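Novice: Sending over a structure as structure tokens; questions will come in a sec.
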Amino acid sequence: MHLISASRRTDIPAFYAGWFARRLEAGFCHCLNPFNGSLREVSLRPGDCAGIVCWTRHAAPLLPTLARWRGEGHRFAFHYTINGYPRRIESHNPPVETALRTFRSLSDLLGPERVWWRYDPVLLTPETPPAWHLRNFARLARELSGYTARCYFSFVSVYHKTRRNLAAAGVTLLEPETEARRALAAELASEALNR
């Protein structure tokens, strides 16, 4: 048996739900190795998969058929990213209230131990300083209390493309020292533990 990590390279639930449904119906997909270009067939049959883990910011397109797939023996878990950033930073994500509703629906269907919240990445800007993150994280944590058993967060990895995209959006990135990041991480962790 193997575990399928779906969506690390792209958000399959958000952008390719139709393709994903057709692949589950067919019982396999083809996967391209990004390093050597080789193509291999991967079984998606319930008897061959220990589970399918989806990484997403928008799982709503999968909700209508998820219960049926589970009835057919498929096992799912979700890494669900909800940050609630201002639209200038997150222009292509569903509104935060929509994301929260979808998250809760997934949790009701799969259980809180199979839907994990990702507050990722933590992006520090003049518009989203540490105090903003503490307030925002606390609000989201209240909304998701009882709907998840885990929360993951990390600070943004600053690549050339990241800087270019932020600059194009008129967003100034703040890069605090390690100790300031540790202090914010400790406060976020404390808030999560209090839920």
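Residue numbers start at 1 in each chain; chains themselves are named A, B, ... in the order of the structure tokens; ligands are numbered from 1 in the order shown.
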Between stretch 123-179 of chain A and stretch 104-114 of chain A, at 9 Å or less, what are the per-residue closest atom pairs and their distances in Å? Count only C-alpha atoms, order by chain and rising residue number, and return it as a Markdown table.
Specialist:
| residue | atom | partner | partner_atom | distance |
| --- | --- | --- | --- | --- |
| A:Glu143 | CA | A:Arg104 | CA | 9.0 |
| A:Leu144 | CA | A:Arg104 | CA | 7.2 |
| A:Gly146 | CA | A:Pro112 | CA | 6.9 |
| A:Tyr147 | CA | A:Pro112 | CA | 4.8 |
| A:Thr148 | CA | A:Pro112 | CA | 4.0 |
| A:Ala149 | CA | A:Glu113 | CA | 5.2 |
| A:Arg150 | CA | A:Glu113 | CA | 7.5 |
Novice: Could you please take those selected residues and save N, CA and C atoms as a PDB file, in the first residue's frame?
Specialist:
ATOM      1  N   GLU A 143     -12.619  29.960  15.522  1.00  0.00           N
ATOM      2  CA  GLU A 143     -13.550  29.468  14.503  1.00  0.00           C
ATOM      3  C   GLU A 143     -13.346  27.981  14.205  1.00  0.00           C
ATOM      4  N   LEU A 144     -12.112  27.499  14.344  1.00  0.00           N
ATOM      5  CA  LEU A 144     -11.799  26.112  13.997  1.00  0.00           C
ATOM      6  C   LEU A 144     -11.695  25.200  15.220  1.00  0.00           C
ATOM      7  N   GLY A 146     -12.316  22.604  17.783  1.00  0.00           N
ATOM      8  CA  GLY A 146     -13.141  21.403  17.730  1.00  0.00           C
ATOM      9  C   GLY A 146     -13.234  20.788  16.347  1.00  0.00           C
ATOM     10  N   TYR A 147     -12.752  21.496  15.320  1.00  0.00           N
ATOM     11  CA  TYR A 147     -12.829  21.001  13.944  1.00  0.00           C
ATOM     12  C   TYR A 147     -11.499  20.461  13.425  1.00  0.00           C
ATOM     13  N   THR A 148     -10.445  20.601  14.207  1.00  0.00           N
ATOM     14  CA  THR A 148      -9.138  20.072  13.812  1.00  0.00           C
ATOM     15  C   THR A 148      -8.361  19.670  15.048  1.00  0.00           C
ATOM     16  N   ALA A 149      -7.466  18.713  14.861  1.00  0.00           N
ATOM     17  CA  ALA A 149      -6.624  18.264  15.970  1.00  0.00           C
ATOM     18  C   ALA A 149      -5.204  18.811  15.844  1.00  0.00           C
ATOM     19  N   ARG A 150      -4.904  19.475  14.702  1.00  0.00           N
ATOM     20  CA  ARG A 150      -3.541  19.959  14.486  1.00  0.00           C
ATOM     21  C   ARG A 150      -3.535  21.285  13.740  1.00  0.00           C
TER      22      ARG A 150
END
Novice: For A:Ile82, please output as a PyMOL selection string all residues within 8 Å (counting only C-alpha atoms; exclusion window: fewer than 4 positions along the same chain).
Specialist: chain A and resi 57+96+99-100+117-120
Novice: Taking all heavy atoms for each residue, export the selection above as an mmCIF file, in the first residue's frame.
Specialist:
data_model
loop_
_atom_site.group_PDB
_atom_site.id
_atom_site.type_symbol
_atom_site.label_atom_id
_atom_site.label_comp_id
_atom_site.auth_asym_id
_atom_site.auth_seq_id
_atom_site.Cartn_x
_atom_site.Cartn_y
_atom_site.Cartn_z
ATOM 1 N N ARG A 57 -6.156 25.124 -0.462
ATOM 2 C CA ARG A 57 -6.701 26.356 0.105
ATOM 3 C C ARG A 57 -8.188 26.466 -0.217
ATOM 4 O O ARG A 57 -8.840 27.396 0.228
ATOM 5 C CB ARG A 57 -5.973 27.583 -0.456
ATOM 6 C CG ARG A 57 -4.546 27.708 0.016
ATOM 7 C CD ARG A 57 -3.858 28.877 -0.667
ATOM 8 N NE ARG A 57 -2.493 29.004 -0.223
ATOM 9 C CZ ARG A 57 -2.093 29.850 0.733
ATOM 10 N NH1 ARG A 57 -2.961 30.641 1.327
ATOM 11 N NH2 ARG A 57 -0.830 29.904 1.081
ATOM 12 N N VAL A 96 -12.241 34.326 3.506
ATOM 13 C CA VAL A 96 -11.928 33.538 4.701
ATOM 14 C C VAL A 96 -13.171 32.856 5.278
ATOM 15 O O VAL A 96 -13.104 31.723 5.740
ATOM 16 C CB VAL A 96 -11.174 34.392 5.753
ATOM 17 C CG1 VAL A 96 -12.077 35.437 6.385
ATOM 18 C CG2 VAL A 96 -10.553 33.499 6.812
ATOM 19 N N ALA A 99 -13.764 29.749 3.309
ATOM 20 C CA ALA A 99 -12.762 28.735 3.657
ATOM 21 C C ALA A 99 -13.082 28.087 5.000
ATOM 22 O O ALA A 99 -12.972 26.866 5.151
ATOM 23 C CB ALA A 99 -11.373 29.357 3.677
ATOM 24 N N LEU A 100 -13.499 28.882 5.970
ATOM 25 C CA LEU A 100 -13.845 28.333 7.291
ATOM 26 C C LEU A 100 -15.049 27.394 7.198
ATOM 27 O O LEU A 100 -15.056 26.315 7.802
ATOM 28 C CB LEU A 100 -14.126 29.472 8.282
ATOM 29 C CG LEU A 100 -12.904 30.289 8.708
ATOM 30 C CD1 LEU A 100 -13.342 31.564 9.427
ATOM 31 C CD2 LEU A 100 -11.971 29.468 9.580
ATOM 32 N N TRP A 117 -5.179 22.142 9.975
ATOM 33 C CA TRP A 117 -5.118 23.554 9.601
ATOM 34 C C TRP A 117 -3.663 23.964 9.387
ATOM 35 O O TRP A 117 -2.805 23.711 10.228
ATOM 36 C CB TRP A 117 -5.757 24.377 10.711
ATOM 37 C CG TRP A 117 -5.651 25.864 10.548
ATOM 38 C CD1 TRP A 117 -5.582 26.578 9.386
ATOM 39 C CD2 TRP A 117 -5.614 26.815 11.604
ATOM 40 N NE1 TRP A 117 -5.519 27.924 9.658
ATOM 41 C CE2 TRP A 117 -5.527 28.094 11.007
ATOM 42 C CE3 TRP A 117 -5.650 26.712 12.991
ATOM 43 C CZ2 TRP A 117 -5.481 29.256 11.767
ATOM 44 C CZ3 TRP A 117 -5.604 27.866 13.745
ATOM 45 C CH2 TRP A 117 -5.521 29.129 13.128
ATOM 46 N N ARG A 118 -3.421 24.612 8.268
ATOM 47 C CA ARG A 118 -2.109 25.199 7.990
ATOM 48 C C ARG A 118 -2.260 26.723 8.018
ATOM 49 O O ARG A 118 -2.986 27.279 7.202
ATOM 50 C CB ARG A 118 -1.580 24.743 6.624
ATOM 51 C CG ARG A 118 -1.286 23.272 6.565
ATOM 52 C CD ARG A 118 -0.743 22.861 5.215
ATOM 53 N NE ARG A 118 0.518 23.517 4.899
ATOM 54 C CZ ARG A 118 1.709 23.112 5.356
ATOM 55 N NH1 ARG A 118 1.797 22.049 6.126
ATOM 56 N NH2 ARG A 118 2.800 23.765 5.027
ATOM 57 N N TYR A 119 -1.590 27.354 8.954
ATOM 58 C CA TYR A 119 -1.491 28.815 8.985
ATOM 59 C C TYR A 119 -0.119 29.105 8.390
ATOM 60 O O TYR A 119 0.866 29.293 9.100
ATOM 61 C CB TYR A 119 -1.615 29.326 10.423
ATOM 62 C CG TYR A 119 -1.744 30.823 10.535
ATOM 63 C CD1 TYR A 119 -2.941 31.454 10.236
ATOM 64 C CD2 TYR A 119 -0.669 31.597 10.947
ATOM 65 C CE1 TYR A 119 -3.068 32.828 10.343
ATOM 66 C CE2 TYR A 119 -0.779 32.974 11.057
ATOM 67 C CZ TYR A 119 -1.980 33.587 10.754
ATOM 68 O OH TYR A 119 -2.105 34.951 10.862
ATOM 69 N N ASP A 120 -0.078 29.090 7.059
ATOM 70 C CA ASP A 120 1.201 28.986 6.389
ATOM 71 C C ASP A 120 1.128 29.643 5.016
ATOM 72 O O ASP A 120 0.186 29.342 4.268
ATOM 73 C CB ASP A 120 1.537 27.490 6.257
ATOM 74 C CG ASP A 120 2.816 27.210 5.529
ATOM 75 O OD1 ASP A 120 3.850 27.723 5.987
ATOM 76 O OD2 ASP A 120 2.778 26.482 4.526
#
Novice: Using only C-alpha atoms, which of the listed residues (A:Thr102, A:Thr125, A:Asn83, A:Asn93) sits closest to A:Cys151?
Specialist: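 When distances to A:Cys151 are compared using only C-alpha atoms, the smallest one comes from A:Asn83.
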Novice: Which of stretch 9-191 of chain A end up as alpha helix (DSSP H) when DSSP is run on this backbone - answer as JSON, numbers by chain?
Specialist: {"A": [12, 13, 14, 15, 17, 18, 19, 20, 21, 22, 23, 24, 25, 26, 63, 64, 65, 66, 67, 68, 69, 70, 71, 96, 97, 98, 99, 100, 101, 102, 103, 104, 105, 106, 107, 108, 109, 110, 130, 131, 132, 133, 134, 135, 136, 137, 138, 139, 140, 141, 142, 143, 144, 160, 161, 162, 163, 164, 165, 166, 167, 168, 178, 179, 180, 181, 182, 183, 184, 185, 186, 187, 188, 189, 190, 191]}
Novice: Please return, as a PDB file with C-alpha atoms, in the first residue's frame, all residues of stretch 61-190 of chain A that DSSP assigns to strand (DSSP E or B) on the basis of the backbone.
Specialist:
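This went into out.pdb:
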ATOM      1  CA  PHE A  76      -8.727  11.044   2.808  1.00  0.00           C
ATOM      2  CA  ALA A  77      -6.948  13.626   4.918  1.00  0.00           C
ATOM      3  CA  PHE A  78      -6.506  17.326   4.209  1.00  0.00           C
ATOM      4  CA  HIS A  79      -3.803  19.903   4.895  1.00  0.00           C
ATOM      5  CA  TYR A  80      -6.047  22.973   4.633  1.00  0.00           C
ATOM      6  CA  THR A  81      -4.418  26.403   4.469  1.00  0.00           C
ATOM      7  CA  VAL A 115      -8.375  17.820   8.570  1.00  0.00           C
ATOM      8  CA  TRP A 116      -5.290  19.777   9.590  1.00  0.00           C
ATOM      9  CA  TRP A 117      -5.118  23.554   9.601  1.00  0.00           C
ATOM     10  CA  ARG A 118      -2.109  25.199   7.990  1.00  0.00           C
ATOM     11  CA  TYR A 119      -1.491  28.815   8.985  1.00  0.00           C
ATOM     12  CA  ASP A 120       1.201  28.986   6.389  1.00  0.00           C
ATOM     13  CA  PRO A 121       3.153  30.978   5.519  1.00  0.00           C
ATOM     14  CA  VAL A 122       3.403  33.593   8.226  1.00  0.00           C
ATOM     15  CA  CYS A 151      -2.247  23.291  13.287  1.00  0.00           C
ATOM     16  CA  TYR A 152       0.951  23.797  11.321  1.00  0.00           C
ATOM     17  CA  PHE A 153       2.620  27.121  10.664  1.00  0.00           C
ATOM     18  CA  SER A 154       5.880  28.349   9.229  1.00  0.00           C
ATOM     19  CA  PHE A 155       7.410  31.629   8.184  1.00  0.00           C
TER      20      PHE A 155
END
Novice: May I have the residues within 9 Å of stretch 35-44 of chain A as a ChimeraX atom specification, using only C-alpha atoms and disregarding those fewer than 5 positions away in the same chain?
Specialist: /A:2,4,23-30,49,52,74
Novice: Do a neighbour search on stretch 5-13 of chain A at 6 Å with only C-alpha atoms, toss out local chain neighbours closer than 3 positions, and write the hits as a list of chain:residue names.
Specialist: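 Everything that qualifies: A:Tyr16, A:Ala17, A:Val53, A:Cys54, A:Trp55, A:Thr56, A:Ala59.
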Novice: Report the distance between atom CA of A:Arg135 and atom CA of A:Glu175 in Å, rounded to one decimal place.
Specialist: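 Those two atoms sit 19.7 Å apart.
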Novice: Quick check, in Å to one decimal: how far apart do atom CA of A:Ala138 and atom CA of A:Leu188 lie?
Specialist: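 Computing the Euclidean distance for atom CA of A:Ala138 and atom CA of A:Leu188 yields 8.0 Å.
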Novice: Pick from A:Ala168, A:Pro34, A:Arg88, A:Pro46: nearest to A:Arg70, with only C-alpha atoms counted?
Specialist: A:Pro46
Novice: Measuring between only C-alpha atoms, which one of A:Gly47, A:Pro86, A:Gly18, A:Pro61 shows the shortest distance to A:Asn136?
Specialist: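 With only C-alpha atoms as the atom set, the closest residue is A:Pro86.
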Novice: Determine the nearest neighbour of A:Val171 from the options A:Leu124, A:Leu3, A:Ala21, A:Cys31, counting only C-alpha atoms.
Specialist: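 Between A:Leu124, A:Leu3, A:Ala21, A:Cys31, the residue approaching A:Val171 most closely is A:Leu124.
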Novice: Please report the interatomic distance between atom CA of A:Pro176 and atom CA of A:Pro94 in Å with one decimal.
Specialist: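 Separation between atom CA of A:Pro176 and atom CA of A:Pro94: 28.7 Å.
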